[in-house]
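Taking it in order: structure first as structure tokens, then the write-up.
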Amino acid sequence: MADNLTIWTYDWVPEDPRGFIRDLRLRWACEEAGLPYAVRTVPFDRRGPEHFARQPFGQVPFLEDGDLTIFESGAGLLH
């Protein structure tokens, strides 16, 4: 597992709860395991090919661990 875990969520979520909506399970797991991570956002209304390349259903969250992208949150938790 790399030191650069990134959890992706949507940018339309208001600033205060951003990162605590659909990605809560992934954040919680990282906190419990003491793993460093970053939370980044993607635009919902301008989802393009780069988003669908990382998440084929056009949803969030998805987890990036170096070159590995996991788009199913349960699989991200197991990882």
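Going through the structure tokens in order, the chains are called A, B, and so on, while each chain numbers its residues from 1 and the ligands are numbered from 1 in the order shown.
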
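Within 12 Å of Cys30 of chain A, once only C-alpha atoms are used and residues closer than 4 positions along the same chain are dropped, the contacting residues are Met1, Asp3, Asn4, Leu5, Thr6, Ile7, Asp23, Leu24, Arg25, Leu26, Gly34, Leu35, Pro36, Tyr37, Ala38, Val39, Leu63, Gly76, Leu77, Leu78 and His79 of chain A.
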
Fewer than 2 positions away in the same chain doesn't count, so skip those; otherwise give me all residues within 7 Å of Asp11 of chain A, counting only C-alpha atoms, as an MDAnalysis selection string.
chainID A and resid 9 13 41:44

Can I get the selection written as an mmCIF file, in the first residue's frame, with all heavy atoms?
data_model
loop_
_atom_site.group_PDB
_atom_site.id
_atom_site.type_symbol
_atom_site.label_atom_id
_atom_site.label_comp_id
_atom_site.auth_asym_id
_atom_site.auth_seq_id
_atom_site.Cartn_x
_atom_site.Cartn_y
_atom_site.Cartn_z
ATOM 1 N N THR A 9 -14.378 12.470 -4.004
ATOM 2 C CA THR A 9 -15.794 12.759 -3.794
ATOM 3 C C THR A 9 -16.212 13.878 -4.744
ATOM 4 O O THR A 9 -15.385 14.378 -5.496
ATOM 5 C CB THR A 9 -16.060 13.118 -2.311
ATOM 6 O OG1 THR A 9 -17.451 13.203 -2.091
ATOM 7 C CG2 THR A 9 -15.367 14.382 -1.902
ATOM 8 N N VAL A 13 -20.713 19.148 -3.023
ATOM 9 C CA VAL A 13 -21.027 19.054 -1.601
ATOM 10 C C VAL A 13 -20.531 20.328 -0.910
ATOM 11 O O VAL A 13 -19.407 20.764 -1.150
ATOM 12 C CB VAL A 13 -20.354 17.802 -0.986
ATOM 13 C CG1 VAL A 13 -20.592 17.718 0.501
ATOM 14 C CG2 VAL A 13 -20.842 16.548 -1.685
ATOM 15 N N THR A 41 -11.716 16.266 -4.911
ATOM 16 C CA THR A 41 -13.062 16.323 -5.475
ATOM 17 C C THR A 41 -13.036 16.282 -6.991
ATOM 18 O O THR A 41 -12.040 16.645 -7.617
ATOM 19 C CB THR A 41 -13.795 17.600 -5.028
ATOM 20 O OG1 THR A 41 -13.100 18.739 -5.525
ATOM 21 C CG2 THR A 41 -13.913 17.683 -3.521
ATOM 22 N N VAL A 42 -14.154 15.826 -7.549
ATOM 23 C CA VAL A 42 -14.370 15.829 -8.994
ATOM 24 C C VAL A 42 -15.684 16.551 -9.260
ATOM 25 O O VAL A 42 -16.593 16.520 -8.434
ATOM 26 C CB VAL A 42 -14.413 14.397 -9.592
ATOM 27 C CG1 VAL A 42 -13.084 13.704 -9.437
ATOM 28 C CG2 VAL A 42 -15.507 13.569 -8.955
ATOM 29 N N PRO A 43 -15.819 17.216 -10.401
ATOM 30 C CA PRO A 43 -17.079 17.894 -10.708
ATOM 31 C C PRO A 43 -18.147 16.888 -11.127
ATOM 32 O O PRO A 43 -17.882 15.986 -11.911
ATOM 33 C CB PRO A 43 -16.717 18.821 -11.860
ATOM 34 C CG PRO A 43 -15.541 18.173 -12.513
ATOM 35 C CD PRO A 43 -14.802 17.452 -11.421
ATOM 36 N N PHE A 44 -19.343 17.049 -10.593
ATOM 37 C CA PHE A 44 -20.437 16.159 -10.964
ATOM 38 C C PHE A 44 -20.971 16.492 -12.355
ATOM 39 O O PHE A 44 -21.187 15.605 -13.170
ATOM 40 C CB PHE A 44 -21.574 16.254 -9.947
ATOM 41 C CG PHE A 44 -22.768 15.436 -10.325
ATOM 42 C CD1 PHE A 44 -22.767 14.065 -10.141
ATOM 43 C CD2 PHE A 44 -23.886 16.024 -10.892
ATOM 44 C CE1 PHE A 44 -23.855 13.299 -10.499
ATOM 45 C CE2 PHE A 44 -24.984 15.268 -11.254
ATOM 46 C CZ PHE A 44 -24.966 13.897 -11.054
#

Residues near segment 69-75 of chain A, cut-off 7 Å, only C-alpha atoms, skip fewer than 6 positions along chain, as a compact mmCIF listing (two decimals) with all heavy atoms, in the first residue's frame:
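That gives us out-v7.txt:
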# COMPACT_ATOMS: atom_id res chain seq x y z
N ARG A 54 -11.73 6.16 -14.20
CA ARG A 54 -11.46 5.79 -12.81
C ARG A 54 -12.66 5.17 -12.12
O ARG A 54 -12.52 4.39 -11.19
CB ARG A 54 -10.99 7.01 -12.01
CG ARG A 54 -9.66 7.54 -12.50
CD ARG A 54 -9.19 8.68 -11.66
NE ARG A 54 -9.99 9.86 -11.97
CZ ARG A 54 -9.76 11.06 -11.48
NH1 ARG A 54 -8.76 11.25 -10.65
NH2 ARG A 54 -10.51 12.08 -11.82
N GLN A 55 -13.87 5.55 -12.56
CA GLN A 55 -15.11 5.04 -11.97
C GLN A 55 -16.10 4.81 -13.10
O GLN A 55 -16.77 5.73 -13.53
CB GLN A 55 -15.66 6.06 -10.97
CG GLN A 55 -16.37 5.51 -9.75
CD GLN A 55 -17.55 4.59 -10.01
OE1 GLN A 55 -18.02 4.39 -11.11
NE2 GLN A 55 -18.04 3.99 -8.95
N PRO A 61 -17.75 7.32 -3.92
CA PRO A 61 -16.33 7.59 -3.90
C PRO A 61 -15.56 6.57 -4.71
O PRO A 61 -16.07 5.52 -5.08
CB PRO A 61 -15.98 7.43 -2.42
CG PRO A 61 -16.95 6.40 -1.92
CD PRO A 61 -18.21 6.63 -2.71
N PHE A 62 -14.32 6.93 -5.00
CA PHE A 62 -13.37 5.94 -5.47
C PHE A 62 -12.05 6.25 -4.80
O PHE A 62 -11.81 7.34 -4.33
CB PHE A 62 -13.26 5.86 -6.99
CG PHE A 62 -12.94 7.14 -7.70
CD1 PHE A 62 -11.63 7.49 -7.96
CD2 PHE A 62 -13.94 7.99 -8.13
CE1 PHE A 62 -11.33 8.66 -8.64
CE2 PHE A 62 -13.66 9.15 -8.80
CZ PHE A 62 -12.35 9.49 -9.06
N LEU A 63 -11.23 5.21 -4.67
CA LEU A 63 -10.00 5.28 -3.92
C LEU A 63 -8.83 5.09 -4.87
O LEU A 63 -8.85 4.17 -5.70
CB LEU A 63 -9.98 4.18 -2.85
CG LEU A 63 -8.73 4.01 -2.02
CD1 LEU A 63 -8.56 5.19 -1.06
CD2 LEU A 63 -8.77 2.69 -1.25

Residue set, chain A restricted to strand (DSSP E or B), as number ranges by chain:
A: 5-10, 37-42, 62-65, 68-70

Sel. of helix (DSSP H, G or I) residues, chain A, as a ChimeraX atom specification
/A:24-33,49-54,73-78

Could you write those residues out with N, CA, C and O atoms, as a PDB file, in the first residue's frame?
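Produced file again-v4.pdb, reproduced below:
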ATOM      1  N   LEU A  24     -17.534   8.509   3.691  1.00  0.00           N
ATOM      2  CA  LEU A  24     -17.297   8.409   5.122  1.00  0.00           C
ATOM      3  C   LEU A  24     -16.661   7.085   5.515  1.00  0.00           C
ATOM      4  O   LEU A  24     -15.732   7.045   6.319  1.00  0.00           O
ATOM      5  N   ARG A  25     -17.137   5.982   4.935  1.00  0.00           N
ATOM      6  CA  ARG A  25     -16.579   4.669   5.307  1.00  0.00           C
ATOM      7  C   ARG A  25     -15.095   4.576   4.999  1.00  0.00           C
ATOM      8  O   ARG A  25     -14.317   4.049   5.799  1.00  0.00           O
ATOM      9  N   LEU A  26     -14.697   5.068   3.824  1.00  0.00           N
ATOM     10  CA  LEU A  26     -13.276   5.018   3.469  1.00  0.00           C
ATOM     11  C   LEU A  26     -12.439   5.901   4.389  1.00  0.00           C
ATOM     12  O   LEU A  26     -11.361   5.510   4.829  1.00  0.00           O
ATOM     13  N   ARG A  27     -12.938   7.099   4.676  1.00  0.00           N
ATOM     14  CA  ARG A  27     -12.215   8.001   5.590  1.00  0.00           C
ATOM     15  C   ARG A  27     -12.105   7.382   6.980  1.00  0.00           C
ATOM     16  O   ARG A  27     -11.053   7.441   7.619  1.00  0.00           O
ATOM     17  N   TRP A  28     -13.195   6.805   7.442  1.00  0.00           N
ATOM     18  CA  TRP A  28     -13.227   6.201   8.762  1.00  0.00           C
ATOM     19  C   TRP A  28     -12.206   5.060   8.838  1.00  0.00           C
ATOM     20  O   TRP A  28     -11.455   4.941   9.807  1.00  0.00           O
ATOM     21  N   ALA A  29     -12.167   4.214   7.831  1.00  0.00           N
ATOM     22  CA  ALA A  29     -11.216   3.095   7.816  1.00  0.00           C
ATOM     23  C   ALA A  29      -9.781   3.607   7.841  1.00  0.00           C
ATOM     24  O   ALA A  29      -8.937   3.061   8.569  1.00  0.00           O
ATOM     25  N   CYS A  30      -9.493   4.632   7.068  1.00  0.00           N
ATOM     26  CA  CYS A  30      -8.135   5.197   7.066  1.00  0.00           C
ATOM     27  C   CYS A  30      -7.782   5.776   8.428  1.00  0.00           C
ATOM     28  O   CYS A  30      -6.665   5.589   8.921  1.00  0.00           O
ATOM     29  N   GLU A  31      -8.736   6.476   9.047  1.00  0.00           N
ATOM     30  CA  GLU A  31      -8.492   7.045  10.384  1.00  0.00           C
ATOM     31  C   GLU A  31      -8.240   5.939  11.398  1.00  0.00           C
ATOM     32  O   GLU A  31      -7.310   6.023  12.195  1.00  0.00           O
ATOM     33  N   GLU A  32      -9.076   4.910  11.382  1.00  0.00           N
ATOM     34  CA  GLU A  32      -8.932   3.805  12.340  1.00  0.00           C
ATOM     35  C   GLU A  32      -7.606   3.075  12.162  1.00  0.00           C
ATOM     36  O   GLU A  32      -7.005   2.634  13.134  1.00  0.00           O
ATOM     37  N   ALA A  33      -7.159   2.924  10.912  1.00  0.00           N
ATOM     38  CA  ALA A  33      -5.905   2.219  10.630  1.00  0.00           C
ATOM     39  C   ALA A  33      -4.692   3.129  10.756  1.00  0.00           C
ATOM     40  O   ALA A  33      -3.556   2.663  10.650  1.00  0.00           O
ATOM     41  N   PRO A  49     -14.319  11.745 -19.677  1.00  0.00           N
ATOM     42  CA  PRO A  49     -13.697  10.426 -19.858  1.00  0.00           C
ATOM     43  C   PRO A  49     -12.706  10.068 -18.765  1.00  0.00           C
ATOM     44  O   PRO A  49     -12.603   8.899 -18.392  1.00  0.00           O
ATOM     45  N   GLU A  50     -11.992  11.060 -18.222  1.00  0.00           N
ATOM     46  CA  GLU A  50     -11.012  10.755 -17.170  1.00  0.00           C
ATOM     47  C   GLU A  50     -11.711  10.265 -15.897  1.00  0.00           C
ATOM     48  O   GLU A  50     -11.195   9.409 -15.193  1.00  0.00           O
ATOM     49  N   HIS A  51     -12.903  10.806 -15.619  1.00  0.00           N
ATOM     50  CA  HIS A  51     -13.664  10.339 -14.445  1.00  0.00           C
ATOM     51  C   HIS A  51     -14.173   8.919 -14.687  1.00  0.00           C
ATOM     52  O   HIS A  51     -14.040   8.053 -13.815  1.00  0.00           O
ATOM     53  N   PHE A  52     -14.748   8.676 -15.858  1.00  0.00           N
ATOM     54  CA  PHE A  52     -15.275   7.344 -16.157  1.00  0.00           C
ATOM     55  C   PHE A  52     -14.168   6.303 -16.294  1.00  0.00           C
ATOM     56  O   PHE A  52     -14.417   5.114 -16.114  1.00  0.00           O
ATOM     57  N   ALA A  53     -12.953   6.731 -16.581  1.00  0.00           N
ATOM     58  CA  ALA A  53     -11.826   5.796 -16.614  1.00  0.00           C
ATOM     59  C   ALA A  53     -11.490   5.315 -15.196  1.00  0.00           C
ATOM     60  O   ALA A  53     -11.030   4.188 -15.012  1.00  0.00           O
ATOM     61  N   ARG A  54     -11.732   6.158 -14.200  1.00  0.00           N
ATOM     62  CA  ARG A  54     -11.455   5.787 -12.811  1.00  0.00           C
ATOM     63  C   ARG A  54     -12.665   5.170 -12.122  1.00  0.00           C
ATOM     64  O   ARG A  54     -12.517   4.391 -11.188  1.00  0.00           O
ATOM     65  N   SER A  73     -16.686   0.881  -3.111  1.00  0.00           N
ATOM     66  CA  SER A  73     -16.267   1.269  -1.762  1.00  0.00           C
ATOM     67  C   SER A  73     -15.975   0.076  -0.864  1.00  0.00           C
ATOM     68  O   SER A  73     -15.063   0.135  -0.046  1.00  0.00           O
ATOM     69  N   GLY A  74     -16.723  -1.026  -1.007  1.00  0.00           N
ATOM     70  CA  GLY A  74     -16.433  -2.215  -0.206  1.00  0.00           C
ATOM     71  C   GLY A  74     -15.064  -2.777  -0.522  1.00  0.00           C
ATOM     72  O   GLY A  74     -14.322  -3.204   0.375  1.00  0.00           O
ATOM     73  N   ALA A  75     -14.695  -2.786  -1.794  1.00  0.00           N
ATOM     74  CA  ALA A  75     -13.361  -3.244  -2.188  1.00  0.00           C
ATOM     75  C   ALA A  75     -12.290  -2.291  -1.647  1.00  0.00           C
ATOM     76  O   ALA A  75     -11.209  -2.722  -1.248  1.00  0.00           O
ATOM     77  N   GLY A  76     -12.604  -1.008  -1.642  1.00  0.00           N
ATOM     78  CA  GLY A  76     -11.668  -0.030  -1.071  1.00  0.00           C
ATOM     79  C   GLY A  76     -11.441  -0.270   0.403  1.00  0.00           C
ATOM     80  O   GLY A  76     -10.319  -0.161   0.898  1.00  0.00           O
ATOM     81  N   LEU A  77     -12.493  -0.630   1.127  1.00  0.00           N
ATOM     82  CA  LEU A  77     -12.351  -0.936   2.549  1.00  0.00           C
ATOM     83  C   LEU A  77     -11.490  -2.175   2.761  1.00  0.00           C
ATOM     84  O   LEU A  77     -10.644  -2.205   3.656  1.00  0.00           O
ATOM     85  N   LEU A  78     -11.687  -3.198   1.941  1.00  0.00           N
ATOM     86  CA  LEU A  78     -10.864  -4.400   2.069  1.00  0.00           C
ATOM     87  C   LEU A  78      -9.409  -4.128   1.739  1.00  0.00           C
ATOM     88  O   LEU A  78      -8.507  -4.705   2.327  1.00  0.00           O
TER      89      LEU A  78
END

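The shortest atom-to-atom distance to Trp12 of chain A, with only C-alpha atoms taken into account, belongs to A:Asp45 out of A:Gly66, A:Arg40, A:Pro56, A:Asp45.
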